$ cat target.csv   # CSV, N, CA and C atoms
chain,number,residue,atom,x,y,z
A,1,GLN,N,-1.7,16.3,0.6
A,1,GLN,CA,-1.2,15.4,1.6
A,1,GLN,C,-2.3,14.5,2.1
A,2,VAL,N,-1.9,13.2,2.2
A,2,VAL,CA,-2.8,12.1,2.6
A,2,VAL,C,-2.3,11.4,3.8
A,3,GLN,N,-3.1,11.2,4.8
A,3,GLN,CA,-2.7,10.3,5.9
A,3,GLN,C,-3.6,9.1,6.0
A,4,LEU,N,-3.0,8.0,6.1
A,4,LEU,CA,-3.8,6.7,6.1
A,4,LEU,C,-3.6,6.0,7.5
A,5,VAL,N,-4.7,5.6,8.1
A,5,VAL,CA,-4.6,4.9,9.4
A,5,VAL,C,-5.4,3.6,9.2
A,6,GLU,N,-4.7,2.5,9.4
A,6,GLU,CA,-5.3,1.1,9.4
A,6,GLU,C,-5.7,0.7,10.8
A,7,SER,N,-6.7,-0.1,10.8
A,7,SER,CA,-7.2,-0.7,12.1
A,7,SER,C,-7.9,-2.0,11.8
A,8,GLY,N,-8.2,-2.7,12.8
A,8,GLY,CA,-9.0,-3.9,12.7
A,8,GLY,C,-8.2,-5.2,12.7
A,9,GLY,N,-6.9,-5.1,12.8
A,9,GLY,CA,-6.1,-6.3,12.9
A,9,GLY,C,-6.2,-7.0,14.3
A,10,GLY,N,-5.6,-8.2,14.4
A,10,GLY,CA,-5.7,-8.9,15.7
A,10,GLY,C,-5.3,-10.3,15.5
A,11,LEU,N,-5.6,-11.1,16.6
A,11,LEU,CA,-5.3,-12.5,16.6
A,11,LEU,C,-6.6,-13.3,16.4
A,12,VAL,N,-6.6,-14.2,15.4
A,12,VAL,CA,-7.8,-15.0,15.1
A,12,VAL,C,-7.3,-16.4,14.8
A,13,GLN,N,-8.2,-17.3,15.0
A,13,GLN,CA,-7.9,-18.7,14.7
A,13,GLN,C,-8.1,-19.0,13.2
A,14,ALA,N,-7.4,-20.0,12.7
A,14,ALA,CA,-7.6,-20.4,11.3
A,14,ALA,C,-9.1,-20.6,11.0
A,15,GLY,N,-9.5,-20.1,9.9
A,15,GLY,CA,-10.9,-20.2,9.5
A,15,GLY,C,-11.8,-19.1,9.9
A,16,GLY,N,-11.2,-18.2,10.7
A,16,GLY,CA,-11.9,-17.0,11.2
A,16,GLY,C,-11.9,-15.9,10.3
A,17,SER,N,-12.5,-14.8,10.7
A,17,SER,CA,-12.6,-13.6,9.9
A,17,SER,C,-12.1,-12.3,10.6
A,18,LEU,N,-11.7,-11.4,9.8
A,18,LEU,CA,-11.4,-10.0,10.3
A,18,LEU,C,-11.8,-9.0,9.3
A,19,ARG,N,-12.1,-7.8,9.7
A,19,ARG,CA,-12.3,-6.7,8.7
A,19,ARG,C,-11.4,-5.6,9.1
A,20,LEU,N,-10.5,-5.3,8.1
A,20,LEU,CA,-9.6,-4.2,8.3
A,20,LEU,C,-10.2,-2.9,7.7
A,21,SER,N,-9.8,-1.8,8.3
A,21,SER,CA,-10.3,-0.5,7.8
A,21,SER,C,-9.1,0.4,7.5
A,22,CYS,N,-9.2,1.2,6.5
A,22,CYS,CA,-8.2,2.2,6.2
A,22,CYS,C,-8.9,3.5,6.1
A,23,ALA,N,-8.7,4.3,7.1
A,23,ALA,CA,-9.3,5.7,7.2
A,23,ALA,C,-8.3,6.7,6.7
A,24,ALA,N,-8.8,7.6,5.8
A,24,ALA,CA,-7.9,8.6,5.2
A,24,ALA,C,-8.3,10.0,5.4
A,25,SER,N,-7.3,10.8,5.5
A,25,SER,CA,-7.6,12.3,5.5
A,25,SER,C,-7.1,12.8,4.1
A,26,GLY,N,-7.7,13.9,3.7
A,26,GLY,CA,-7.3,14.4,2.4
A,26,GLY,C,-8.4,14.1,1.3
A,27,SER,N,-8.7,15.2,0.6
A,27,SER,CA,-9.8,15.0,-0.4
A,27,SER,C,-9.4,14.1,-1.6
A,28,ILE,N,-8.1,14.0,-1.9
A,28,ILE,CA,-7.7,13.2,-3.0
A,28,ILE,C,-8.1,11.7,-2.9
A,29,PHE,N,-8.3,11.3,-1.6
A,29,PHE,CA,-8.5,9.9,-1.4
A,29,PHE,C,-9.7,9.4,-2.2
A,30,ARG,N,-10.7,10.2,-2.3
A,30,ARG,CA,-12.0,9.8,-2.9
A,30,ARG,C,-11.8,9.7,-4.4
A,31,ILE,N,-10.7,10.2,-5.0
A,31,ILE,CA,-10.5,10.1,-6.4
A,31,ILE,C,-9.3,9.3,-6.8
A,32,SER,N,-8.9,8.5,-5.8
A,32,SER,CA,-7.7,7.7,-6.0
A,32,SER,C,-7.9,6.2,-5.8
A,33,ALA,N,-7.3,5.4,-6.5
A,33,ALA,CA,-7.3,3.9,-6.3
A,33,ALA,C,-6.6,3.7,-5.0
A,34,VAL,N,-7.0,2.6,-4.3
A,34,VAL,CA,-6.4,2.3,-3.0
A,34,VAL,C,-6.1,0.8,-3.0
A,35,GLY,N,-4.9,0.5,-2.4
A,35,GLY,CA,-4.5,-0.9,-2.4
A,35,GLY,C,-4.2,-1.4,-1.0
A,36,TRP,N,-4.3,-2.7,-0.8
A,36,TRP,CA,-3.8,-3.3,0.5
A,36,TRP,C,-2.6,-4.2,0.1
A,37,TYR,N,-1.6,-4.1,0.9
A,37,TYR,CA,-0.4,-4.9,0.8
A,37,TYR,C,-0.1,-5.6,2.2
A,38,CYS,N,0.6,-6.7,2.2
A,38,CYS,CA,1.0,-7.3,3.4
A,38,CYS,C,2.5,-7.6,3.4
A,39,GLN,N,3.0,-7.7,4.6
A,39,GLN,CA,4.4,-8.0,4.8
A,39,GLN,C,4.6,-9.0,6.0
A,40,ALA,N,5.0,-10.2,5.7
A,40,ALA,CA,5.3,-11.1,6.7
A,40,ALA,C,6.8,-11.0,7.2
A,41,PRO,N,7.1,-11.5,8.4
A,41,PRO,CA,8.5,-11.3,8.8
A,41,PRO,C,9.5,-12.0,7.8
A,42,GLY,N,10.6,-11.3,7.5
A,42,GLY,CA,11.6,-11.8,6.6
A,42,GLY,C,11.2,-11.8,5.1
A,43,LYS,N,10.0,-11.3,4.8
A,43,LYS,CA,9.6,-11.3,3.4
A,43,LYS,C,9.3,-9.9,2.9
A,44,GLN,N,9.3,-9.8,1.6
A,44,GLN,CA,9.0,-8.5,1.0
A,44,GLN,C,7.5,-8.2,1.1
A,45,ARG,N,7.2,-6.9,1.0
A,45,ARG,CA,5.8,-6.5,1.0
A,45,ARG,C,5.2,-6.9,-0.3
A,46,GLU,N,4.0,-7.5,-0.2
A,46,GLU,CA,3.4,-8.0,-1.4
A,46,GLU,C,1.9,-7.5,-1.5
A,47,PHE,N,1.5,-7.5,-2.8
A,47,PHE,CA,0.1,-7.0,-3.1
A,47,PHE,C,-0.9,-8.0,-2.6
A,48,VAL,N,-2.0,-7.4,-2.1
A,48,VAL,CA,-3.2,-8.2,-1.6
A,48,VAL,C,-4.4,-7.9,-2.5
A,49,ALA,N,-4.8,-6.7,-2.5
A,49,ALA,CA,-6.0,-6.3,-3.2
A,49,ALA,C,-5.9,-4.8,-3.5
A,50,SER,N,-6.7,-4.4,-4.5
A,50,SER,CA,-6.9,-3.0,-4.9
A,50,SER,C,-8.3,-2.7,-5.4
A,51,ILE,N,-8.6,-1.4,-5.3
A,51,ILE,CA,-10.0,-1.0,-5.7
A,51,ILE,C,-9.8,0.3,-6.4
A,52,THR,N,-10.6,0.5,-7.4
A,52,THR,CA,-10.6,1.8,-8.2
A,52,THR,C,-11.3,2.9,-7.3
A,53,ALA,N,-11.1,4.2,-7.8
A,53,ALA,CA,-11.5,5.3,-7.1
A,53,ALA,C,-13.1,5.2,-6.8
A,54,GLY,N,-13.8,4.8,-7.8
A,54,GLY,CA,-15.2,4.8,-7.7
A,54,GLY,C,-15.7,3.5,-7.1
A,55,GLY,N,-14.9,2.6,-6.9
A,55,GLY,CA,-15.2,1.3,-6.3
A,55,GLY,C,-15.8,0.3,-7.2
A,56,GLY,N,-15.8,0.6,-8.5
A,56,GLY,CA,-16.5,-0.3,-9.5
A,56,GLY,C,-15.7,-1.5,-9.9
A,57,SER,N,-14.4,-1.5,-9.6
A,57,SER,CA,-13.5,-2.6,-10.0
A,57,SER,C,-12.5,-2.9,-8.9
A,58,ALA,N,-12.2,-4.2,-8.8
A,58,ALA,CA,-11.2,-4.6,-7.8
A,58,ALA,C,-10.3,-5.7,-8.3
A,59,ASP,N,-9.2,-5.8,-7.7
A,59,ASP,CA,-8.2,-6.8,-8.2
A,59,ASP,C,-7.7,-7.5,-6.9
A,60,TYR,N,-7.3,-8.8,-7.1
A,60,TYR,CA,-6.9,-9.5,-5.9
A,60,TYR,C,-5.7,-10.4,-6.3
A,61,ALA,N,-4.8,-10.6,-5.3
A,61,ALA,CA,-3.8,-11.6,-5.4
A,61,ALA,C,-4.4,-13.0,-5.5
A,62,ASP,N,-3.8,-13.9,-6.2
A,62,ASP,CA,-4.4,-15.2,-6.4
A,62,ASP,C,-4.6,-15.9,-5.1
A,63,SER,N,-3.7,-15.6,-4.1
A,63,SER,CA,-3.7,-16.3,-2.8
A,63,SER,C,-5.0,-15.9,-2.0
A,64,VAL,N,-5.6,-14.8,-2.3
A,64,VAL,CA,-6.7,-14.4,-1.5
A,64,VAL,C,-8.1,-14.4,-2.2
A,65,LYS,N,-8.0,-14.7,-3.5
A,65,LYS,CA,-9.3,-14.7,-4.3
A,65,LYS,C,-10.3,-15.6,-3.7
A,66,GLY,N,-11.5,-15.1,-3.6
A,66,GLY,CA,-12.6,-16.0,-3.0
A,66,GLY,C,-12.6,-15.9,-1.5
A,67,ARG,N,-11.6,-15.3,-0.9
A,67,ARG,CA,-11.6,-15.3,0.6
A,67,ARG,C,-11.7,-13.8,1.1
A,68,PHE,N,-11.0,-12.9,0.4
A,68,PHE,CA,-10.9,-11.5,0.8
A,68,PHE,C,-11.8,-10.7,-0.1
A,69,THR,N,-12.4,-9.6,0.4
A,69,THR,CA,-13.2,-8.7,-0.4
A,69,THR,C,-12.8,-7.2,0.0
A,70,ILE,N,-12.4,-6.5,-1.0
A,70,ILE,CA,-12.1,-5.0,-0.8
A,70,ILE,C,-13.3,-4.2,-1.1
A,71,SER,N,-13.5,-3.2,-0.4
A,71,SER,CA,-14.6,-2.3,-0.7
A,71,SER,C,-14.3,-0.9,-0.1
A,72,ARG,N,-15.1,0.1,-0.5
A,72,ARG,CA,-14.8,1.5,0.0
A,72,ARG,C,-16.1,2.2,0.2
A,73,ASP,N,-16.0,3.2,1.1
A,73,ASP,CA,-17.1,4.1,1.4
A,73,ASP,C,-16.5,5.5,1.3
A,74,ASN,N,-16.7,6.1,0.1
A,74,ASN,CA,-16.0,7.4,-0.1
A,74,ASN,C,-16.6,8.5,0.8
A,75,ALA,N,-17.9,8.3,1.2
A,75,ALA,CA,-18.5,9.3,2.1
A,75,ALA,C,-17.8,9.3,3.4
A,76,LYS,N,-17.2,8.2,3.8
A,76,LYS,CA,-16.5,8.1,5.1
A,76,LYS,C,-15.0,8.1,4.9
A,77,ASN,N,-14.5,8.3,3.6
A,77,ASN,CA,-13.1,8.2,3.3
A,77,ASN,C,-12.4,7.0,3.9
A,78,THR,N,-13.0,5.9,3.7
A,78,THR,CA,-12.6,4.6,4.3
A,78,THR,C,-12.6,3.5,3.3
A,79,VAL,N,-11.6,2.7,3.3
A,79,VAL,CA,-11.5,1.5,2.5
A,79,VAL,C,-11.4,0.3,3.5
A,80,TYR,N,-12.1,-0.8,3.1
A,80,TYR,CA,-12.2,-2.0,3.9
A,80,TYR,C,-11.6,-3.2,3.3
A,81,LEU,N,-11.1,-4.1,4.1
A,81,LEU,CA,-10.7,-5.4,3.6
A,81,LEU,C,-11.3,-6.5,4.5
A,82,GLN,N,-12.3,-7.1,3.9
A,82,GLN,CA,-13.0,-8.2,4.6
A,82,GLN,C,-12.2,-9.5,4.4
A,83,MET,N,-11.7,-10.1,5.4
A,83,MET,CA,-10.9,-11.3,5.3
A,83,MET,C,-11.6,-12.5,5.9
A,84,ASN,N,-11.9,-13.4,5.1
A,84,ASN,CA,-12.6,-14.6,5.6
A,84,ASN,C,-11.8,-15.9,5.4
A,85,SER,N,-12.1,-16.9,6.0
A,85,SER,CA,-11.4,-18.2,5.9
A,85,SER,C,-9.9,-18.0,6.0
A,86,LEU,N,-9.5,-17.3,7.1
A,86,LEU,CA,-8.1,-16.9,7.3
A,86,LEU,C,-7.2,-18.2,7.5
A,87,LYS,N,-6.0,-18.1,7.0
A,87,LYS,CA,-5.1,-19.2,7.1
A,87,LYS,C,-3.8,-18.7,7.9
A,88,PRO,N,-3.1,-19.6,8.5
A,88,PRO,CA,-1.9,-19.1,9.2
A,88,PRO,C,-0.9,-18.4,8.3
A,89,GLU,N,-0.9,-18.7,7.0
A,89,GLU,CA,0.0,-18.0,6.1
A,89,GLU,C,-0.4,-16.6,5.7
A,90,ASP,N,-1.6,-16.2,6.2
A,90,ASP,CA,-2.1,-14.8,6.0
A,90,ASP,C,-1.5,-13.9,7.1
A,91,THR,N,-0.8,-14.5,8.1
A,91,THR,CA,-0.2,-13.7,9.2
A,91,THR,C,0.8,-12.7,8.6
A,92,ALA,N,0.6,-11.4,8.9
A,92,ALA,CA,1.5,-10.4,8.3
A,92,ALA,C,1.0,-9.0,8.9
A,93,VAL,N,1.8,-8.0,8.6
A,93,VAL,CA,1.3,-6.7,8.8
A,93,VAL,C,0.7,-6.2,7.5
A,94,TYR,N,-0.5,-5.7,7.6
A,94,TYR,CA,-1.3,-5.2,6.5
A,94,TYR,C,-1.2,-3.7,6.4
A,95,TYR,N,-0.9,-3.2,5.2
A,95,TYR,CA,-0.8,-1.8,4.9
A,95,TYR,C,-1.8,-1.4,3.8
A,96,CYS,N,-2.4,-0.2,4.0
A,96,CYS,CA,-3.1,0.4,2.8
A,96,CYS,C,-2.2,1.5,2.2
A,97,THR,N,-2.5,1.7,0.9
A,97,THR,CA,-1.7,2.6,0.2
A,97,THR,C,-2.5,3.3,-0.9
A,98,THR,N,-2.1,4.5,-1.2
A,98,THR,CA,-2.7,5.2,-2.3
A,98,THR,C,-1.6,6.1,-2.9
A,99,SER,N,-1.9,6.7,-4.0
A,99,SER,CA,-0.9,7.6,-4.7
A,99,SER,C,-1.6,8.7,-5.3
A,100,TRP,N,-0.8,9.8,-5.5
A,100,TRP,CA,-1.3,11.0,-6.2
A,100,TRP,C,-0.1,11.6,-6.9
A,101,GLY,N,-0.2,11.6,-8.2
A,101,GLY,CA,1.0,12.0,-9.0
A,101,GLY,C,2.1,11.0,-8.8
A,102,ILE,N,3.3,11.5,-8.4
A,102,ILE,CA,4.4,10.6,-8.2
A,102,ILE,C,4.6,10.2,-6.7
A,103,THR,N,3.7,10.7,-5.9
A,103,THR,CA,3.8,10.4,-4.4
A,103,THR,C,3.0,9.2,-4.0
A,104,ARG,N,3.6,8.3,-3.3
A,104,ARG,CA,2.8,7.2,-2.8
A,104,ARG,C,2.7,7.3,-1.3
A,105,TYR,N,1.6,7.1,-0.8
A,105,TYR,CA,1.3,7.2,0.7
A,105,TYR,C,1.0,5.8,1.3
A,106,TRP,N,1.6,5.6,2.5
A,106,TRP,CA,1.4,4.3,3.2
A,106,TRP,C,0.9,4.6,4.6
A,107,GLY,N,0.1,3.7,5.1
A,107,GLY,CA,-0.3,3.8,6.5
A,107,GLY,C,0.8,3.1,7.4
A,108,GLN,N,0.5,3.1,8.7
A,108,GLN,CA,1.5,2.5,9.6
A,108,GLN,C,1.4,1.0,9.7
A,109,GLY,N,0.3,0.5,9.2
A,109,GLY,CA,0.1,-1.0,9.2
A,109,GLY,C,-0.7,-1.5,10.4
A,110,THR,N,-1.3,-2.6,10.2
A,110,THR,CA,-2.0,-3.3,11.3
A,110,THR,C,-1.7,-4.8,11.3
A,111,GLN,N,-1.4,-5.3,12.4
A,111,GLN,CA,-0.9,-6.7,12.5
A,111,GLN,C,-2.1,-7.7,12.5
A,112,VAL,N,-2.0,-8.7,11.6
A,112,VAL,CA,-2.9,-9.8,11.6
A,112,VAL,C,-2.2,-11.1,11.9
A,113,THR,N,-2.6,-11.8,12.9
A,113,THR,CA,-2.0,-13.0,13.3
A,113,THR,C,-3.1,-14.1,13.3
A,114,VAL,N,-2.8,-15.2,12.5
A,114,VAL,CA,-3.7,-16.3,12.4
A,114,VAL,C,-3.1,-17.5,13.0
A,115,SER,N,-3.7,-18.1,14.0
A,115,SER,CA,-3.2,-19.2,14.7
A,115,SER,C,-3.8,-20.5,14.1
A,116,SER,N,-3.0,-21.6,14.1
A,116,SER,CA,-3.5,-22.8,13.6
A,116,SER,C,-4.2,-23.7,14.6
$ encode --input "target.csv" --output "structure tokens"
Amino acid sequence: QVQLVESGGGLVQAGGSLRLSCAASGSIFRISAVGWYCQAPGKQREFVASITAGGGSADYADSVKGRFTISRDNAKNTVYLQMNSLKPEDTAVYYCTTSWGITRYWGQGTQVTVSS
């Protein structure tokens, strides 16, 4: 069983930065890839970034490449999403997710609002 808790969201002006955190319980977190997704009102949840279990490789949506950085600290069971040069279109609820076998786990999400 894995529980994921996101934090770090908030209201920021365009061009600003936020760092989201995803804290996990459960030992499998350290050996699982982790992803961040976002969901804006009226839209489907979409991929933002992911990182491998060891942290050696990451992948990003084209819309955030060069602005967002995903990282992890397995000693702290935490994954981070550093968000720079934020745009109003980044406004959404951000979720972290991981899976083990056929089970996918999601956190409750953290709201990011970027004002113009």
$ residues_near_point --input "target.csv" --point "(0.3, -8.8, 4.5)" --cutoff "6.5 Å" --atoms "only N, CA and C atoms" --output "NGL selection string"
:A and (37-40 or 46 or 90-95)
$ atom_distance --input "target.csv" --atom1 "atom CA of Gly15 of chain A" --atom2 "atom CA of Gln111 of chain A"
17.1 Å
$ select_by_dssp --input "target.csv" --residues "segment 3-83 of chain A" --states "helix (DSSP H, G or I)" --output "number ranges by chain"
A: 27-31, 74-76
$ write_last_selection --input "target.csv" --atoms "N, CA and C atoms" --output "PDB file, keeping the file's coordinate frame"
ATOM      1  N   SER A  27      -8.700  15.200   0.600  1.00  0.00           N
ATOM      2  CA  SER A  27      -9.800  15.000  -0.400  1.00  0.00           C
ATOM      3  C   SER A  27      -9.400  14.100  -1.600  1.00  0.00           C
ATOM      4  N   ILE A  28      -8.100  14.000  -1.900  1.00  0.00           N
ATOM      5  CA  ILE A  28      -7.700  13.200  -3.000  1.00  0.00           C
ATOM      6  C   ILE A  28      -8.100  11.700  -2.900  1.00  0.00           C
ATOM      7  N   PHE A  29      -8.300  11.300  -1.600  1.00  0.00           N
ATOM      8  CA  PHE A  29      -8.500   9.900  -1.400  1.00  0.00           C
ATOM      9  C   PHE A  29      -9.700   9.400  -2.200  1.00  0.00           C
ATOM     10  N   ARG A  30     -10.700  10.200  -2.300  1.00  0.00           N
ATOM     11  CA  ARG A  30     -12.000   9.800  -2.900  1.00  0.00           C
ATOM     12  C   ARG A  30     -11.800   9.700  -4.400  1.00  0.00           C
ATOM     13  N   ILE A  31     -10.700  10.200  -5.000  1.00  0.00           N
ATOM     14  CA  ILE A  31     -10.500  10.100  -6.400  1.00  0.00           C
ATOM     15  C   ILE A  31      -9.300   9.300  -6.800  1.00  0.00           C
ATOM     16  N   ASN A  74     -16.700   6.100   0.100  1.00  0.00           N
ATOM     17  CA  ASN A  74     -16.000   7.400  -0.100  1.00  0.00           C
ATOM     18  C   ASN A  74     -16.600   8.500   0.800  1.00  0.00           C
ATOM     19  N   ALA A  75     -17.900   8.300   1.200  1.00  0.00           N
ATOM     20  CA  ALA A  75     -18.500   9.300   2.100  1.00  0.00           C
ATOM     21  C   ALA A  75     -17.800   9.300   3.400  1.00  0.00           C
ATOM     22  N   LYS A  76     -17.200   8.200   3.800  1.00  0.00           N
ATOM     23  CA  LYS A  76     -16.500   8.100   5.100  1.00  0.00           C
ATOM     24  C   LYS A  76     -15.000   8.100   4.900  1.00  0.00           C
TER      25      LYS A  76
END
$ residues_around --input "target.csv" --residues "Ser17 of chain A" --least-positions-apart "2" --cutoff "6.5 Å" --atoms "all atoms listed in the file" --output "MDAnalysis selection string"
chainID A and resid 12 15 19 83:86
$ residues_near_point --input "target.csv" --point "(-4.0, -10.9, 13.0)" --cutoff "6 Å" --atoms "all atoms listed in the file" --output "ChimeraX atom specification"
/A:9-12,111-114
$ closest_residue --input "target.csv" --among "A:Glu89, A:Phe68, A:Thr98, A:Ala58" --to "Phe29 of chain A" --atoms "only N, CA and C atoms"
A:Thr98
$ residues_around --input "target.csv" --residues "Ala53 of chain A" --least-positions-apart "5" --cutoff "12 Å" --atoms "only C-alpha atoms" --output "number ranges by chain"
A: 27-35, 58, 71-74, 77-79, 98-100
$ atom_distance --input "target.csv" --atom1 "atom CA of Gly8 of chain A" --atom2 "atom CA of Trp106 of chain A"
16.3 Å
$ atom_distance --input "target.csv" --atom1 "atom CA of Thr69 of chain A" --atom2 "atom CA of Lys87 of chain A"
15.2 Å
$ select_by_dssp --input "target.csv" --residues "segment 6-114 of chain A" --states "strand (DSSP E or B)" --output "number ranges by chain"
A: 6-7, 10-13, 18-25, 34-39, 46-51, 58-60, 68-73, 78-83, 92-100, 103-106, 110-114
$ closest_residue --input "target.csv" --among "A:Ala24, A:Ala49, A:Ala75, A:Leu18" --to "Gly107 of chain A" --atoms "only C-alpha atoms"
A:Ala24
$ closest_residue --input "target.csv" --among "A:Gln1, A:Thr97, A:Gln82, A:Ser7" --to "Thr110 of chain A" --atoms "all atoms listed in the file"
A:Ser7
$ closest_residue --input "target.csv" --among "A:Gln108, A:Gly54, A:Ser115, A:Leu81" --to "Val5 of chain A" --atoms "all atoms listed in the file"
A:Gln108
$ closest_residue --input "target.csv" --among "A:Phe47, A:Tyr80, A:Tyr60, A:Trp36" --to "Leu20 of chain A" --atoms "only C-alpha atoms"
A:Tyr80
$ closest_residue --input "target.csv" --among "A:Lys43, A:Val2, A:Ser57, A:Ile102" --to "Ala23 of chain A" --atoms "only C-alpha atoms"
A:Val2
$ decode --input "target.csv" --residues "segment 94-116 of chain A" --atoms "N, CA and C atoms" --output "PDB file, in the first residue's frame"
ATOM      1  N   TYR A  94      -2.309  19.676  -9.425  1.00  0.00           N
ATOM      2  CA  TYR A  94      -1.183  18.800  -9.754  1.00  0.00           C
ATOM      3  C   TYR A  94      -1.204  17.569  -8.843  1.00  0.00           C
ATOM      4  N   TYR A  95      -1.068  16.413  -9.472  1.00  0.00           N
ATOM      5  CA  TYR A  95      -1.123  15.135  -8.764  1.00  0.00           C
ATOM      6  C   TYR A  95       0.185  14.369  -8.995  1.00  0.00           C
ATOM      7  N   CYS A  96       0.651  13.676  -7.972  1.00  0.00           N
ATOM      8  CA  CYS A  96       1.725  12.719  -8.202  1.00  0.00           C
ATOM      9  C   CYS A  96       1.135  11.318  -8.198  1.00  0.00           C
ATOM     10  N   THR A  97       1.840  10.432  -8.866  1.00  0.00           N
ATOM     11  CA  THR A  97       1.330   9.082  -9.050  1.00  0.00           C
ATOM     12  C   THR A  97       2.472   8.096  -9.157  1.00  0.00           C
ATOM     13  N   THR A  98       2.215   6.875  -8.696  1.00  0.00           N
ATOM     14  CA  THR A  98       3.143   5.785  -8.869  1.00  0.00           C
ATOM     15  C   THR A  98       2.330   4.513  -8.999  1.00  0.00           C
ATOM     16  N   SER A  99       2.989   3.456  -9.395  1.00  0.00           N
ATOM     17  CA  SER A  99       2.271   2.195  -9.554  1.00  0.00           C
ATOM     18  C   SER A  99       3.127   1.039  -9.084  1.00  0.00           C
ATOM     19  N   TRP A 100       2.442  -0.029  -8.755  1.00  0.00           N
ATOM     20  CA  TRP A 100       3.107  -1.269  -8.360  1.00  0.00           C
ATOM     21  C   TRP A 100       2.239  -2.413  -8.838  1.00  0.00           C
ATOM     22  N   GLY A 101       2.791  -3.212  -9.732  1.00  0.00           N
ATOM     23  CA  GLY A 101       1.971  -4.237 -10.358  1.00  0.00           C
ATOM     24  C   GLY A 101       0.883  -3.592 -11.175  1.00  0.00           C
ATOM     25  N   ILE A 102      -0.354  -3.989 -10.931  1.00  0.00           N
ATOM     26  CA  ILE A 102      -1.480  -3.450 -11.686  1.00  0.00           C
ATOM     27  C   ILE A 102      -2.167  -2.306 -10.956  1.00  0.00           C
ATOM     28  N   THR A 103      -1.643  -1.923  -9.806  1.00  0.00           N
ATOM     29  CA  THR A 103      -2.287  -0.883  -8.992  1.00  0.00           C
ATOM     30  C   THR A 103      -1.588   0.451  -9.198  1.00  0.00           C
ATOM     31  N   ARG A 104      -2.387   1.458  -9.512  1.00  0.00           N
ATOM     32  CA  ARG A 104      -1.856   2.818  -9.626  1.00  0.00           C
ATOM     33  C   ARG A 104      -2.353   3.629  -8.444  1.00  0.00           C
ATOM     34  N   TYR A 105      -1.447   4.378  -7.868  1.00  0.00           N
ATOM     35  CA  TYR A 105      -1.751   5.201  -6.699  1.00  0.00           C
ATOM     36  C   TYR A 105      -1.675   6.683  -7.072  1.00  0.00           C
ATOM     37  N   TRP A 106      -2.604   7.461  -6.524  1.00  0.00           N
ATOM     38  CA  TRP A 106      -2.653   8.906  -6.743  1.00  0.00           C
ATOM     39  C   TRP A 106      -2.725   9.635  -5.409  1.00  0.00           C
ATOM     40  N   GLY A 107      -2.139  10.809  -5.364  1.00  0.00           N
ATOM     41  CA  GLY A 107      -2.330  11.676  -4.223  1.00  0.00           C
ATOM     42  C   GLY A 107      -3.627  12.468  -4.380  1.00  0.00           C
ATOM     43  N   GLN A 108      -3.871  13.348  -3.421  1.00  0.00           N
ATOM     44  CA  GLN A 108      -5.116  14.120  -3.430  1.00  0.00           C
ATOM     45  C   GLN A 108      -4.998  15.375  -4.281  1.00  0.00           C
ATOM     46  N   GLY A 109      -3.771  15.741  -4.639  1.00  0.00           N
ATOM     47  CA  GLY A 109      -3.546  16.891  -5.504  1.00  0.00           C
ATOM     48  C   GLY A 109      -3.261  18.167  -4.732  1.00  0.00           C
ATOM     49  N   THR A 110      -2.583  19.087  -5.407  1.00  0.00           N
ATOM     50  CA  THR A 110      -2.314  20.408  -4.840  1.00  0.00           C
ATOM     51  C   THR A 110      -2.589  21.444  -5.926  1.00  0.00           C
ATOM     52  N   GLN A 111      -3.280  22.499  -5.563  1.00  0.00           N
ATOM     53  CA  GLN A 111      -3.707  23.514  -6.519  1.00  0.00           C
ATOM     54  C   GLN A 111      -2.579  24.492  -6.822  1.00  0.00           C
ATOM     55  N   VAL A 112      -2.340  24.715  -8.097  1.00  0.00           N
ATOM     56  CA  VAL A 112      -1.406  25.742  -8.551  1.00  0.00           C
ATOM     57  C   VAL A 112      -2.204  26.749  -9.371  1.00  0.00           C
ATOM     58  N   THR A 113      -2.120  28.008  -8.979  1.00  0.00           N
ATOM     59  CA  THR A 113      -2.816  29.071  -9.692  1.00  0.00           C
ATOM     60  C   THR A 113      -1.809  30.139 -10.086  1.00  0.00           C
ATOM     61  N   VAL A 114      -1.738  30.432 -11.377  1.00  0.00           N
ATOM     62  CA  VAL A 114      -0.792  31.415 -11.891  1.00  0.00           C
ATOM     63  C   VAL A 114      -1.585  32.596 -12.437  1.00  0.00           C
ATOM     64  N   SER A 115      -1.371  33.747 -11.850  1.00  0.00           N
ATOM     65  CA  SER A 115      -2.092  34.947 -12.289  1.00  0.00           C
ATOM     66  C   SER A 115      -1.284  35.695 -13.341  1.00  0.00           C
ATOM     67  N   SER A 116      -2.000  36.347 -14.235  1.00  0.00           N
ATOM     68  CA  SER A 116      -1.328  37.083 -15.318  1.00  0.00           C
ATOM     69  C   SER A 116      -1.016  38.509 -14.912  1.00  0.00           C
TER      70      SER A 116
END
